[in-house]
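Colleague: File start18.txt below, compact mmCIF, C-alpha atoms:
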```
# COMPACT_ATOMS: atom_id res chain seq x y z
CA MET A 202 0.00 0.00 0.00
CA PRO A 203 1.45 3.39 -0.89
CA LYS A 204 2.42 5.60 1.99
CA GLN A 205 0.09 8.35 0.84
CA LYS A 206 -3.06 6.27 1.45
CA LEU A 207 -2.02 5.37 4.97
CA VAL A 208 -1.04 8.72 6.38
CA SER A 209 -2.75 11.40 4.28
CA SER A 210 -5.70 12.21 6.47
CA GLY A 211 -4.61 15.60 7.77
CA GLY A 212 -7.95 17.19 6.97
CA ILE A 213 -10.06 14.77 8.99
CA TYR A 214 -10.76 15.33 12.66
CA LYS A 215 -10.75 11.85 14.22
CA GLY A 216 -12.72 11.72 17.39
CA LYS A 217 -16.32 11.12 18.36
CA THR A 218 -17.63 13.73 20.77
CA SER A 219 -14.82 16.18 20.05
CA MET A 220 -15.51 15.99 16.32
CA TRP A 221 -19.20 16.80 16.87
CA LEU A 222 -18.20 19.64 19.19
CA TYR A 223 -15.90 20.94 16.44
CA ILE A 224 -18.83 20.95 13.99
CA PHE A 225 -21.11 22.43 16.68
CA HIS A 226 -18.61 25.24 17.30
CA ARG A 227 -18.52 26.12 13.59
CA VAL A 228 -22.30 25.99 13.15
CA THR A 229 -22.98 28.18 16.21
CA GLY A 230 -20.11 30.48 15.17
CA VAL A 231 -21.53 31.07 11.68
CA ALA A 232 -25.05 31.51 13.09
CA LEU A 233 -23.86 34.01 15.71
CA PHE A 234 -21.95 35.99 13.06
CA GLY A 235 -25.16 36.23 11.02
CA TYR A 236 -27.08 37.39 14.07
CA LEU A 237 -24.34 39.90 14.88
CA LEU A 238 -24.82 41.61 11.49
CA LEU A 239 -28.62 41.72 12.03
CA HIS A 240 -28.07 43.10 15.53
CA ILE A 241 -25.76 45.87 14.25
CA ILE A 242 -28.39 46.93 11.71
CA SER A 243 -31.26 46.95 14.23
CA THR A 244 -29.18 48.88 16.77
CA ALA A 245 -28.00 51.35 14.09
CA LEU A 246 -31.65 52.35 13.62
CA ILE A 247 -31.35 54.19 16.93
CA LEU A 248 -29.73 57.09 15.04
CA LEU A 249 -33.05 57.57 13.21
CA GLY A 250 -34.92 58.39 16.43
CA PRO A 251 -37.12 56.70 19.07
CA GLU A 252 -40.10 55.89 16.79
CA ILE A 253 -38.13 53.98 14.17
CA TYR A 254 -35.88 52.23 16.73
CA GLU A 255 -38.77 51.11 18.94
CA GLY A 256 -40.84 50.18 15.89
CA ALA A 257 -38.07 47.80 14.85
CA GLU A 258 -37.68 46.45 18.41
CA ALA A 259 -41.44 45.81 18.55
CA ILE A 260 -40.96 43.05 15.94
CA TYR A 261 -39.07 41.07 18.61
CA LYS A 262 -41.65 41.54 21.35
CA ASN A 263 -43.69 38.35 21.17
CA PHE A 264 -43.35 34.81 22.47
CA TYR A 265 -41.97 33.35 19.22
CA PHE A 266 -39.00 35.69 19.39
CA ARG A 267 -38.65 34.95 23.11
CA ILE A 268 -37.98 31.31 22.14
CA ALA A 269 -35.49 32.51 19.49
CA GLU A 270 -33.91 34.75 22.13
CA ILE A 271 -33.44 31.76 24.44
CA GLY A 272 -31.85 29.92 21.50
CA LEU A 273 -29.53 32.89 20.94
CA PHE A 274 -28.60 32.92 24.62
CA GLY A 275 -27.93 29.17 24.48
CA ALA A 276 -25.81 29.53 21.33
CA VAL A 277 -23.66 32.30 22.85
CA LEU A 278 -23.29 30.38 26.11
CA ALA A 279 -22.49 27.06 24.42
CA HIS A 280 -20.01 28.67 22.01
CA ALA A 281 -18.33 30.44 24.94
CA ILE A 282 -18.08 27.35 27.16
CA ASN A 283 -16.93 25.16 24.27
CA GLY A 284 -14.37 27.85 23.39
CA LEU A 285 -13.03 27.68 26.94
CA ARG A 286 -12.84 23.88 26.56
CA ILE A 287 -10.85 24.28 23.31
CA ILE A 288 -8.47 26.74 24.98
CA THR A 289 -8.02 24.29 27.86
CA VAL A 290 -7.23 21.40 25.50
CA ASP A 291 -4.84 23.58 23.48
CA LEU A 292 -2.95 25.34 26.23
CA TRP A 293 -3.10 23.01 29.26
CA ARG A 294 -0.26 20.50 29.11
CA LYS A 295 -2.52 17.59 30.12
CA GLY A 296 -5.63 18.94 28.35
CA SER A 297 -5.76 16.25 25.67
CA ASP A 298 -5.50 13.51 28.32
CA TYR A 299 -8.70 14.69 30.01
CA GLN A 300 -10.92 15.39 26.98
CA LYS A 301 -13.82 13.23 28.21
CA GLN A 302 -13.80 14.87 31.63
CA LEU A 303 -13.60 18.33 30.04
CA ASN A 304 -16.60 17.49 27.80
CA VAL A 305 -18.64 16.45 30.84
CA ILE A 306 -17.59 19.52 32.87
CA SER A 307 -18.50 21.80 29.92
CA LEU A 308 -21.95 20.21 29.61
CA VAL A 309 -22.57 20.48 33.36
CA ILE A 310 -21.58 24.19 33.36
CA PHE A 311 -23.79 24.82 30.30
CA ILE A 312 -26.86 23.17 31.87
CA GLY A 313 -26.17 24.83 35.22
CA VAL A 314 -26.24 28.30 33.63
CA PHE A 315 -28.71 27.75 30.78
CA VAL A 316 -31.60 26.16 32.73
CA PRO A 317 -32.04 28.88 35.42
CA SER A 318 -31.53 31.64 32.80
CA THR A 319 -34.18 30.11 30.54
CA TYR A 320 -36.54 29.82 33.52
CA LYS A 321 -36.02 33.52 34.31
CA MET A 322 -36.58 34.58 30.67
CA VAL A 323 -39.83 32.58 30.34
CA VAL A 324 -41.28 33.64 33.73
CA SER A 325 -40.31 37.26 33.14
CA TYR A 326 -42.04 37.23 29.73
CA PHE A 327 -45.37 36.18 31.20
CA ASP A 328 -45.03 38.46 34.24
CA LEU A 329 -44.47 41.51 32.04
CA CYS A 330 -47.09 40.46 29.48
CA LEU A 331 -49.81 40.03 32.12
CA GLU A 332 -48.72 43.22 33.89
CA LYS A 333 -48.84 45.39 30.76
CA SER A 334 -51.95 43.91 29.12
CA SER A 335 -55.62 44.37 29.94
CA PRO A 336 -56.88 42.46 33.04
CA GLU A 337 -58.68 39.65 31.18
CA THR A 338 -55.52 38.64 29.25
CA THR A 339 -54.52 35.01 29.81
CA VAL A 340 -51.19 33.18 29.54
CA THR A 341 -52.43 31.64 26.27
CA ASP A 342 -53.01 35.12 24.84
CA CYS A 343 -49.43 36.01 25.78
CA ILE A 344 -48.16 32.99 23.81
CA LEU A 345 -50.36 33.40 20.73
CA ARG A 346 -50.38 37.11 20.00
CA PRO A 347 -47.87 39.92 20.14
CA ILE A 348 -48.73 42.47 22.78
CA PRO A 349 -50.10 45.57 21.01
CA ASP A 350 -49.23 48.12 23.67
CA TRP A 351 -45.51 47.39 23.99
CA LYS A 352 -43.54 50.58 23.48
CA MET B 919 4.61 -0.80 3.03
CA VAL B 920 5.54 2.06 5.27
CA LYS B 921 4.90 1.54 8.97
CA THR B 922 3.28 4.51 10.59
CA THR B 923 2.25 5.43 14.09
CA ARG B 924 -1.26 6.53 14.97
CA THR B 925 -0.18 10.09 15.71
CA ASP B 926 1.39 10.52 12.24
CA TRP B 927 -1.42 12.10 10.26
CA GLY B 928 0.90 13.09 7.42
CA ARG B 929 0.41 16.79 8.02
CA ARG B 930 2.39 19.25 5.99
CA GLN B 931 5.36 20.68 7.80
CA PRO B 932 5.09 24.39 8.58
CA PRO B 933 7.22 26.47 6.24
CA LEU B 934 10.68 27.25 7.58
CA ARG B 935 10.43 30.83 6.40
CA GLY B 936 7.42 32.87 5.57
CA SER B 937 4.35 34.42 7.14
CA SER B 938 3.42 33.80 10.77
CA PHE B 939 -0.07 35.12 10.05
CA GLU B 940 -1.86 31.82 10.75
CA LEU B 941 -0.03 31.44 14.06
CA TYR B 942 -1.09 34.93 15.16
CA ALA B 943 -4.63 34.30 13.86
CA TRP B 944 -4.81 31.10 15.96
CA PHE B 945 -3.53 32.95 19.02
CA PHE B 946 -5.90 35.88 18.40
CA MET B 947 -8.89 33.48 18.43
CA ARG B 948 -7.86 32.28 21.90
CA VAL B 949 -7.22 35.77 23.33
CA SER B 950 -10.30 37.40 21.76
CA GLY B 951 -12.33 34.32 22.70
CA LEU B 952 -11.36 34.70 26.35
CA LEU B 953 -12.25 38.41 26.30
CA LEU B 954 -15.53 37.69 24.47
CA VAL B 955 -16.50 35.14 27.13
CA LEU B 956 -16.41 38.06 29.58
CA LEU B 957 -17.86 40.73 27.26
CA ALA B 958 -20.46 38.80 25.23
CA VAL B 959 -21.72 36.58 28.05
CA SER B 960 -22.06 39.55 30.44
CA HIS B 961 -23.80 41.49 27.62
CA MET B 962 -26.25 38.60 27.21
CA PHE B 963 -26.87 38.42 30.97
CA ILE B 964 -27.37 42.18 31.33
CA MET B 965 -29.64 42.59 28.30
CA HIS B 966 -31.57 39.30 28.27
CA VAL B 967 -31.61 37.86 31.81
CA PHE B 968 -31.20 40.61 34.43
CA ASN B 969 -33.20 43.04 32.27
CA ASP B 970 -36.00 41.86 30.02
CA THR B 971 -35.71 42.81 26.34
CA LEU B 972 -39.46 43.59 26.47
CA ASN B 973 -38.41 46.71 28.40
CA LEU B 974 -35.74 47.65 25.85
CA ASP B 975 -36.50 51.08 24.44
CA TYR B 976 -34.79 54.25 23.20
CA GLU B 977 -34.33 55.65 26.71
CA PHE B 978 -32.67 52.46 27.95
CA VAL B 979 -29.99 52.69 25.26
CA ALA B 980 -29.67 56.47 25.71
CA ALA B 981 -29.11 55.98 29.46
CA ARG B 982 -26.49 53.29 28.81
CA TRP B 983 -24.62 55.37 26.25
CA ASP B 984 -24.77 58.39 28.53
CA THR B 985 -21.61 57.00 30.15
CA PRO B 986 -18.46 56.65 28.04
CA TYR B 987 -17.70 53.35 29.79
CA TRP B 988 -20.70 51.55 28.25
CA ARG B 989 -19.85 53.06 24.85
CA ALA B 990 -16.30 51.72 25.26
CA PHE B 991 -17.67 48.34 26.41
CA ASP B 992 -20.01 48.12 23.42
CA TRP B 993 -17.35 49.25 20.94
CA LEU B 994 -14.86 46.69 22.27
CA LEU B 995 -17.57 44.02 22.02
CA LEU B 996 -18.37 45.14 18.45
CA ALA B 997 -14.74 45.18 17.31
CA LEU B 998 -13.73 41.89 18.95
CA SER B 999 -16.85 39.95 17.92
CA LEU B 1000 -16.58 41.17 14.30
CA LEU B 1001 -12.86 40.30 14.12
CA HIS B 1002 -13.36 36.94 15.89
CA GLY B 1003 -16.33 36.14 13.65
CA THR B 1004 -14.59 37.27 10.47
CA ASN B 1005 -11.56 35.12 11.18
CA GLY B 1006 -13.81 32.20 12.12
CA LEU B 1007 -15.74 32.52 8.87
CA ARG B 1008 -12.47 32.91 6.95
CA LEU B 1009 -11.45 29.47 8.24
CA VAL B 1010 -14.89 27.95 7.51
CA LEU B 1011 -14.87 29.31 3.92
CA HIS B 1012 -11.25 28.25 3.41
CA ASP B 1013 -12.00 24.71 4.64
CA ASN B 1014 -15.20 24.19 2.70
CA ILE B 1015 -14.70 25.92 -0.65
CA SER B 1016 -12.17 24.23 -2.89
CA ASP B 1017 -12.77 26.29 -6.03
CA GLN B 1018 -10.14 29.03 -5.88
CA THR B 1019 -12.25 31.63 -7.70
CA VAL B 1020 -15.34 31.06 -5.56
CA ARG B 1021 -13.17 31.02 -2.43
CA LYS B 1022 -11.54 34.35 -3.30
CA LEU B 1023 -14.89 35.92 -4.14
CA SER B 1024 -16.55 34.73 -0.94
CA LEU B 1025 -13.58 35.83 1.17
CA SER B 1026 -13.65 39.28 -0.48
CA ALA B 1027 -17.39 39.51 0.21
CA LEU B 1028 -16.76 38.53 3.84
CA TYR B 1029 -14.02 41.12 4.36
CA GLY B 1030 -16.08 43.83 2.62
CA THR B 1031 -19.17 43.03 4.72
CA SER B 1032 -17.20 43.00 7.97
CA LEU B 1033 -15.53 46.33 7.15
CA VAL B 1034 -18.86 48.00 6.32
CA PHE B 1035 -20.47 46.70 9.54
CA PHE B 1036 -17.44 47.72 11.61
CA ILE B 1037 -17.63 51.27 10.24
CA LEU B 1038 -21.42 51.38 10.68
CA GLY B 1039 -21.29 50.07 14.26
CA THR B 1040 -18.44 52.37 15.23
CA TYR B 1041 -20.26 55.35 13.72
CA VAL B 1042 -23.45 54.53 15.66
CA ILE B 1043 -21.62 54.19 19.00
CA VAL B 1044 -19.57 57.39 18.48
CA ALA B 1045 -22.20 59.60 16.82
CA PHE B 1046 -25.26 58.75 18.96
CA VAL B 1047 -26.72 61.83 20.68
CA SER B 1048 -29.89 61.29 22.69
CA LYS B 1049 -32.99 63.09 21.35
CA VAL B 1050 -34.98 62.68 24.58
```
Just dump the structure as structure tokens.

Modeller:
Amino acid sequence: MPKQKLVSSGGIYKGKTSMWLYIFHRVTGVALFGYLLLHIISTALILLGPEIYEGAEAIYKNFYFRIAEIGLFGAVLAHAINGLRIITVDLWRKGSDYQKQLNVISLVIFIGVFVPSTYKMVVSYFDLCLEKSSPETTVTDCILRPIPDWK
Amino acid sequence: MVKTTRTDWGRRQPPLRGSSFELYAWFFMRVSGLLLVLLAVSHMFIMHVFNDTLNLDYEFVAARWDTPYWRAFDWLLLALSLLHGTNGLRLVLHDNISDQTVRKLSLSALYGTSLVFFILGTYVIVAFVSKV
């Protein structure tokens, strides 16, 4: 067998969980870059005055975007924690010996931060929705329709 | 048949002379990544968890940008996230597009887009004057 066939696999990342985390890091990275551009545009509208800025922000003020917002929070958090894991593997002398443990620690930290934050974001949505809407508004109304009187 | 060890992936040797750009780019991703963990994660907590984005309005931003520290914070976050993201996308495009012409075009589009958004974002943070 020629040498080339045996050893030429420099472009392939061989590892199970770590390979999926590598793909995950790229997918979340590209998605976050796309969101960053959208976020710069929507924030730039603030130069055009309160009406236009708050009109654009109003698009986000419903429960569907609250779910997307939780996804955004999760993507930032996961990308950050996985980035710290990569730095640890790269720069800690024994990092590559403890990859499985580092994967588990990363997941535990992610869940430990993500779950209470998600809880806060969901509860806060309904609290504010019921507080700012007319008295007969129900939780179902808060899920199904955007709130008309948001600023 | 050539006997090889498992760690020998047949990688190209780094050039003896030449650009160290990729080395610095690799190191930049680690340093900017560490800073972005602090900046971006605290930004997410402040804007999405401790405050509710339902309360986000013109006055909220005006009050934040009333202090030069938050403008500096936001500009640093803008610059680092754009650079970190641009370099990340540069690697993704480089790894996944083999056609040299398409690769060059997409990289040019990426750099152009990033530059425009960096200028736009910087302009917004510097030029904002509250109207209320």

Colleague: Calculate how many Å separate atom CA of A:Ile310 from atom CA of A:Arg286, rounding to one decimal.

Modeller: 11.1 Å

Colleague: Would you please work out which residue, of A:Phe266, A:Ile241, A:Thr218, A:His226, is nearest to B:Val1034 when using all atoms listed in the file?

Modeller: A:Ile241

Colleague: Could you produce a table of the residues of chain B lying within 8 Å of chain A, with the nearest pair of atoms per residue and their separation in Å rounded to one decimal, using all atoms listed in the file, ordered by chain and increasing residue number, as a tab-separated table?

Modeller:
```
residue	atom	partner	partner_atom	distance
B:Met919	CA	A:Met202	CA	5.6
B:Val920	CA	A:Lys204	CA	5.7
B:Thr922	CA	A:Val208	CA	7.4
B:Asp926	CA	A:Val208	CA	6.6
B:Trp927	CA	A:Val208	CA	5.2
B:Gly928	CA	A:Val208	CA	4.9
B:Arg929	CA	A:Gly211	CA	5.2
B:Arg948	CA	A:Ile288	CA	6.4
B:Gly951	CA	A:Gly284	CA	6.8
B:Leu952	CA	A:Leu285	CA	7.2
B:Leu954	CA	A:Ala281	CA	7.8
B:Val955	CA	A:Ala281	CA	5.5
B:Ala958	CA	A:Val277	CA	7.6
B:Val959	CA	A:Leu278	CA	6.7
B:Met962	CA	A:Phe274	CA	6.7
B:His966	CA	A:Met322	CA	7.3
B:Val967	CA	A:Met322	CA	6.1
B:Asp970	CA	A:Ser325	CA	7.0
B:Thr971	CA	A:Lys262	CA	7.9
B:Leu972	CA	A:Lys262	CA	5.9
B:Leu974	CA	A:Glu258	CA	7.8
B:Asp975	CA	A:Glu255	CA	6.0
B:Tyr976	CA	A:Pro251	CA	5.3
B:Leu1000	CA	A:Phe234	CA	7.6
B:Gly1003	CA	A:Phe234	CA	5.7
B:Thr1004	CA	A:Phe234	CA	7.9
B:Gly1006	CA	A:Gly230	CA	7.2
B:Leu1007	CA	A:Val231	CA	6.6
B:Val1010	CA	A:Arg227	CA	7.3
B:Phe1035	CA	A:Leu238	CA	7.0
B:Leu1038	CA	A:Ala245	CA	7.4
B:Gly1039	CA	A:Ile241	CA	6.1
B:Val1042	CA	A:Ala245	CA	5.8
B:Phe1046	CA	A:Leu248	CA	6.2
B:Val1047	CA	A:Leu248	CA	8.0
B:Lys1049	CA	A:Gly250	CA	7.1
```

Colleague: Would you compute the distance between atom CA of B:Glu940 and atom CA of B:Leu1001? Give it in Å to one decimal.

Modeller: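 For atom CA of B:Glu940 relative to atom CA of B:Leu1001, the distance reads 14.3 Å.
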
Colleague: My list of candidates is A:Tyr236, A:Ser219, A:Ile312, A:Thr338. Which is closest to A:Ser297 when distances are computed with all atoms listed in the file?

Modeller: A:Ser219

Colleague: What's around A:Thr341 at 12 Å? Count only C-alpha atoms, leave out sequence neighbours fewer than 5 positions away in its own chain, and write the answer as number ranges by chain.

Modeller: A: 264, 327, 330-331, 346-348

Colleague: Counting all atoms listed in the file, which residues sit no farther than 9 Å from the position (-19.9, 20.5, 27.2) in the file's frame? I'd like them as a count of residues only.

Modeller: 15

Colleague: Excluding stretch 1018-1030 of chain B and its own-chain neighbours fewer than 2 positions away, which residues fall within 10 Å of it when counting all atoms listed in the file? Please give them as an mmCIF file with C-alpha atoms, in the frame of the given file.

Modeller:
```
data_model
loop_
_atom_site.group_PDB
_atom_site.id
_atom_site.type_symbol
_atom_site.label_atom_id
_atom_site.label_comp_id
_atom_site.auth_asym_id
_atom_site.auth_seq_id
_atom_site.Cartn_x
_atom_site.Cartn_y
_atom_site.Cartn_z
ATOM 1 C CA LEU B 1001 -12.860 40.300 14.120
ATOM 2 C CA THR B 1004 -14.590 37.270 10.470
ATOM 3 C CA ASN B 1005 -11.560 35.120 11.180
ATOM 4 C CA LEU B 1007 -15.740 32.520 8.870
ATOM 5 C CA ARG B 1008 -12.470 32.910 6.950
ATOM 6 C CA LEU B 1009 -11.450 29.470 8.240
ATOM 7 C CA LEU B 1011 -14.870 29.310 3.920
ATOM 8 C CA HIS B 1012 -11.250 28.250 3.410
ATOM 9 C CA ASP B 1013 -12.000 24.710 4.640
ATOM 10 C CA ASN B 1014 -15.200 24.190 2.700
ATOM 11 C CA ILE B 1015 -14.700 25.920 -0.650
ATOM 12 C CA SER B 1016 -12.170 24.230 -2.890
ATOM 13 C CA SER B 1032 -17.200 43.000 7.970
ATOM 14 C CA LEU B 1033 -15.530 46.330 7.150
ATOM 15 C CA VAL B 1034 -18.860 48.000 6.320
ATOM 16 C CA PHE B 1035 -20.470 46.700 9.540
ATOM 17 C CA PHE B 1036 -17.440 47.720 11.610
#
```

Colleague: Give me, please, the distance in Å between atom CA of A:Trp221 and atom CA of A:Trp293, quoted to one decimal.

Modeller: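 Computing it gives 21.2 Å between the two atoms.
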
Colleague: Mind checking which residues fall within 12 Å of B:Val1044, counting all atoms listed in the file, ignoring those fewer than 5 positions away in the same chain, and posting them as a count of residues only?

Modeller: 14
